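Step one of this worksheet: look at the structure below.
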Amino acid sequence: MAIHGDAGQGDQARGLFRTDPAPHRLTIGGMCRVGIPPTLVHVIDVAHYSPPQETGRLPRPGRLVVVLPVGLSFDSCLEEQGESFDPDDDIPLAFDLTFRPYAFLEPGDEVADKAGRAWRFDGPWDWHPFDGAEPHEPAWPLSLLTRVNATTAEVQITVADATNSGSHQEECARWSAVARANPPSYARPPLLPPS
């Protein structure tokens, strides 16, 4: 693992991995511990590769999880952001879920909103109204129409109960409070002033 040794750089510029002692205190032949201290991050992408991606490192990853530290917002104009991890390699990492917006839905779910508009859910900030009209956020409560792997009465009740109160904007606000960041730029309107 390559770690930037400049003590003057902020934590975000150095990445998530740390050494103990700090890199600028290391000496040739010295010993150190390398790891990630408990850190709050938000997932910005999960990529699946079949066949596994050629990265120049072994084992070749079949999937990568890309995360941003708390306080950083995803910017769709930037080509590369965040730090990626292969959850199947031998680096010991543990992830504990703090909050997942729309945890009661799965990508590909189709729902009807309070106004009767049909929507496809492709992720918390990625809603597609079938009619293409504005607004681009569904009005709660939601009714599950179809789910790729099966639509059951129990799942329909779960979605209805979860959206019986609240709104898309409240779900955005809850996520922003935890991540201290804005949802991706295509989610409107921003909840926090730009940093």
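Convention: chains lettered A, B, ... in structure tokens order; per-chain residue numbering from 1; ligands numbered from 1 as shown.
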* Could you give me, as a VMD selection string, each residue of range 19-129 of chain A that DSSP assigns to strand (DSSP E) when run on this structure's backbone? => chain A and resid 19 to 20 33 to 35 41 to 48 63 to 69 83 to 85 109 to 112 118 to 121 127 to 129
* Just the residues within 8 Å of range 62-76 of chain A, please, counting only C-alpha atoms, with nothing from its chain fewer than 2 positions along; format it as a PyMOL selection string. => chain A and resi 12+16+39-53+60+78-79+81-88+178-185
Write the residues of the preceding selection, restricted to N, CA and C atoms, as a compact mmCIF listing (two decimals), in the first residue's frame.
# COMPACT_ATOMS: atom_id res chain seq x y z
N GLN A 12 -7.71 14.08 3.88
CA GLN A 12 -8.43 13.71 2.67
C GLN A 12 -7.48 13.52 1.50
N LEU A 16 -7.34 6.97 2.95
CA LEU A 16 -7.87 6.40 4.18
C LEU A 16 -6.83 5.63 5.00
N THR A 39 -13.45 4.84 10.41
CA THR A 39 -13.68 5.98 9.53
C THR A 39 -15.09 5.89 8.95
N LEU A 40 -15.81 7.01 8.96
CA LEU A 40 -17.12 7.05 8.34
C LEU A 40 -16.95 7.43 6.87
N VAL A 41 -17.48 6.59 5.98
CA VAL A 41 -17.41 6.82 4.53
C VAL A 41 -18.79 6.62 3.94
N HIS A 42 -18.98 7.09 2.70
CA HIS A 42 -20.20 6.74 1.99
C HIS A 42 -19.81 6.12 0.65
N VAL A 43 -20.57 5.10 0.27
CA VAL A 43 -20.30 4.35 -0.95
C VAL A 43 -20.82 5.16 -2.13
N ILE A 44 -19.95 5.38 -3.14
CA ILE A 44 -20.39 6.11 -4.33
C ILE A 44 -20.51 5.20 -5.53
N ASP A 45 -19.95 3.99 -5.46
CA ASP A 45 -20.06 3.07 -6.60
C ASP A 45 -19.71 1.67 -6.14
N VAL A 46 -20.35 0.70 -6.76
CA VAL A 46 -19.99 -0.71 -6.64
C VAL A 46 -19.93 -1.22 -8.06
N ALA A 47 -18.74 -1.63 -8.49
CA ALA A 47 -18.55 -2.10 -9.87
C ALA A 47 -18.30 -3.60 -9.85
N HIS A 48 -18.92 -4.30 -10.80
CA HIS A 48 -18.75 -5.74 -10.96
C HIS A 48 -18.05 -5.99 -12.29
N TYR A 49 -17.03 -6.88 -12.28
CA TYR A 49 -16.26 -7.16 -13.49
C TYR A 49 -16.28 -8.65 -13.79
N SER A 50 -16.69 -8.98 -15.00
CA SER A 50 -16.66 -10.37 -15.46
C SER A 50 -16.20 -10.36 -16.91
N PRO A 51 -15.00 -10.78 -17.21
CA PRO A 51 -13.99 -11.36 -16.32
C PRO A 51 -13.41 -10.31 -15.38
N PRO A 52 -12.67 -10.76 -14.35
CA PRO A 52 -12.08 -9.81 -13.41
C PRO A 52 -11.22 -8.76 -14.12
N GLN A 53 -11.18 -7.57 -13.54
CA GLN A 53 -10.48 -6.43 -14.11
C GLN A 53 -8.97 -6.61 -14.02
N ARG A 60 -6.91 -10.37 -9.39
CA ARG A 60 -7.68 -9.40 -10.16
C ARG A 60 -9.07 -9.28 -9.56
N LEU A 78 -16.11 15.24 -12.00
CA LEU A 78 -14.76 14.73 -11.81
C LEU A 78 -14.67 13.31 -12.35
N GLU A 79 -13.54 13.01 -13.01
CA GLU A 79 -13.38 11.69 -13.61
C GLU A 79 -13.17 10.60 -12.57
N GLN A 81 -12.89 9.80 -8.31
CA GLN A 81 -13.07 10.26 -6.94
C GLN A 81 -13.05 9.07 -6.01
N GLY A 82 -12.72 9.32 -4.79
CA GLY A 82 -12.83 8.30 -3.77
C GLY A 82 -11.69 7.31 -3.79
N GLU A 83 -11.82 6.33 -2.93
CA GLU A 83 -10.84 5.27 -2.78
C GLU A 83 -11.56 3.96 -3.03
N SER A 84 -10.93 3.08 -3.81
CA SER A 84 -11.60 1.81 -4.14
C SER A 84 -10.98 0.66 -3.36
N PHE A 85 -11.83 -0.30 -3.06
CA PHE A 85 -11.43 -1.50 -2.33
C PHE A 85 -11.99 -2.72 -3.05
N ASP A 86 -11.20 -3.77 -3.07
CA ASP A 86 -11.67 -5.06 -3.55
C ASP A 86 -12.12 -5.83 -2.31
N PRO A 87 -13.42 -6.01 -2.12
CA PRO A 87 -13.88 -6.67 -0.89
C PRO A 87 -13.49 -8.14 -0.82
N ASP A 88 -12.96 -8.68 -1.93
CA ASP A 88 -12.60 -10.10 -1.95
C ASP A 88 -11.10 -10.34 -1.85
N VAL A 178 -25.82 12.40 8.16
CA VAL A 178 -24.85 11.36 8.50
C VAL A 178 -23.56 11.56 7.71
N ALA A 179 -23.66 11.77 6.39
CA ALA A 179 -22.48 11.87 5.52
C ALA A 179 -21.85 13.25 5.53
N ARG A 180 -22.58 14.24 6.07
CA ARG A 180 -22.13 15.64 6.04
C ARG A 180 -21.70 16.03 4.62
N ALA A 181 -22.53 15.64 3.67
CA ALA A 181 -22.27 15.88 2.25
C ALA A 181 -23.60 16.01 1.53
N ASN A 182 -23.55 16.52 0.31
CA ASN A 182 -24.75 16.58 -0.52
C ASN A 182 -24.93 15.27 -1.26
N PRO A 183 -26.16 14.86 -1.50
CA PRO A 183 -26.38 13.75 -2.42
C PRO A 183 -25.78 14.13 -3.78
N PRO A 184 -25.55 13.16 -4.67
CA PRO A 184 -24.98 13.49 -5.99
C PRO A 184 -25.70 14.65 -6.66
N SER A 185 -24.99 15.34 -7.54
CA SER A 185 -25.46 16.60 -8.12
C SER A 185 -26.77 16.48 -8.88
* **Who sits within 8 Å of range 30-33 of chain A, only C-alpha atoms, same chain under 5 positions skipped, as a list in words** => Thr19, Asp20 and Pro21 of chain A
Output for the residues just chosen: C-alpha atoms as a PDB file, in the first residue's frame:
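And here's part.pdb as it stands now:
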ATOM      1  CA  THR A  19       0.732   4.298   9.372  1.00  0.00           C
ATOM      2  CA  ASP A  20       1.691   4.180  13.020  1.00  0.00           C
ATOM      3  CA  PRO A  21       4.071   5.945  13.400  1.00  0.00           C
TER       4      PRO A  21
END
Cut-off 12 Å: closest range 61-117 of chain A/range 166-170 of chain A atom pairs per residue, using only C-alpha atoms, as a tab-separated table:
residue	atom	partner	partner_atom	distance
A:Pro101	CA	A:His168	CA	9.5
A:Tyr102	CA	A:His168	CA	9.0
A:Asp113	CA	A:Ser167	CA	10.7
A:Lys114	CA	A:Ser167	CA	10.6
Mind dumping the selected residues with C-alpha atoms as an mmCIF file, in the first residue's frame?
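As written to disk, again-v5.cif reads:
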data_model
loop_
_atom_site.group_PDB
_atom_site.id
_atom_site.type_symbol
_atom_site.label_atom_id
_atom_site.label_comp_id
_atom_site.auth_asym_id
_atom_site.auth_seq_id
_atom_site.Cartn_x
_atom_site.Cartn_y
_atom_site.Cartn_z
ATOM 1 C CA PRO A 101 -31.175 5.669 2.115
ATOM 2 C CA TYR A 102 -34.148 3.814 0.702
ATOM 3 C CA ASP A 113 -46.079 7.357 -5.910
ATOM 4 C CA LYS A 114 -48.841 9.254 -4.105
#
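You will find CA of Thr158 in chain A at 12.6 Å from CA of Leu145 in chain A.
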* To one decimal place, how far is CA of His136 in chain A from CA of Cys172 in chain A in Å? ->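 Between these atoms lies a distance of 13.4 Å.
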* Exercise: range 118-127 of chain A partners within 6 Å, only C-alpha atoms, chain neighbours under 5 positions left out, as a list in words ->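 Close residues of range 118-127 of chain A: Pro101, Tyr102, Pro107, Gly108, Asp109, Glu110, Val111, Ala112 and Ala187 of chain A.
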* To do: For CA of Gln156 in chain A and CA of Ser143 in chain A, quote the distance in Å rounded to one decimal.
  =>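 For CA of Gln156 in chain A relative to CA of Ser143 in chain A, the distance reads 6.6 Å.
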* Shortest interatomic distance to Asp89 in chain A - which of A:Gly116, A:Pro61, A:Gly56, A:Gly132, counting only C-alpha atoms -> A:Pro61
* Selected residue, from A:Asn164, A:Arg100, A:Leu105, A:Ala173, that lies nearest to Arg147 in chain A when counting only C-alpha atoms ->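 Checking each of A:Asn164, A:Arg100, A:Leu105, A:Ala173 against Arg147 in chain A, counting only C-alpha atoms, the winner is A:Leu105.
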* From a DSSP pass on the backbone, collect the residues of range 72-174 of chain A flagged as helix (DSSP H, G or I) and hand them back as a count of residues only. => 17
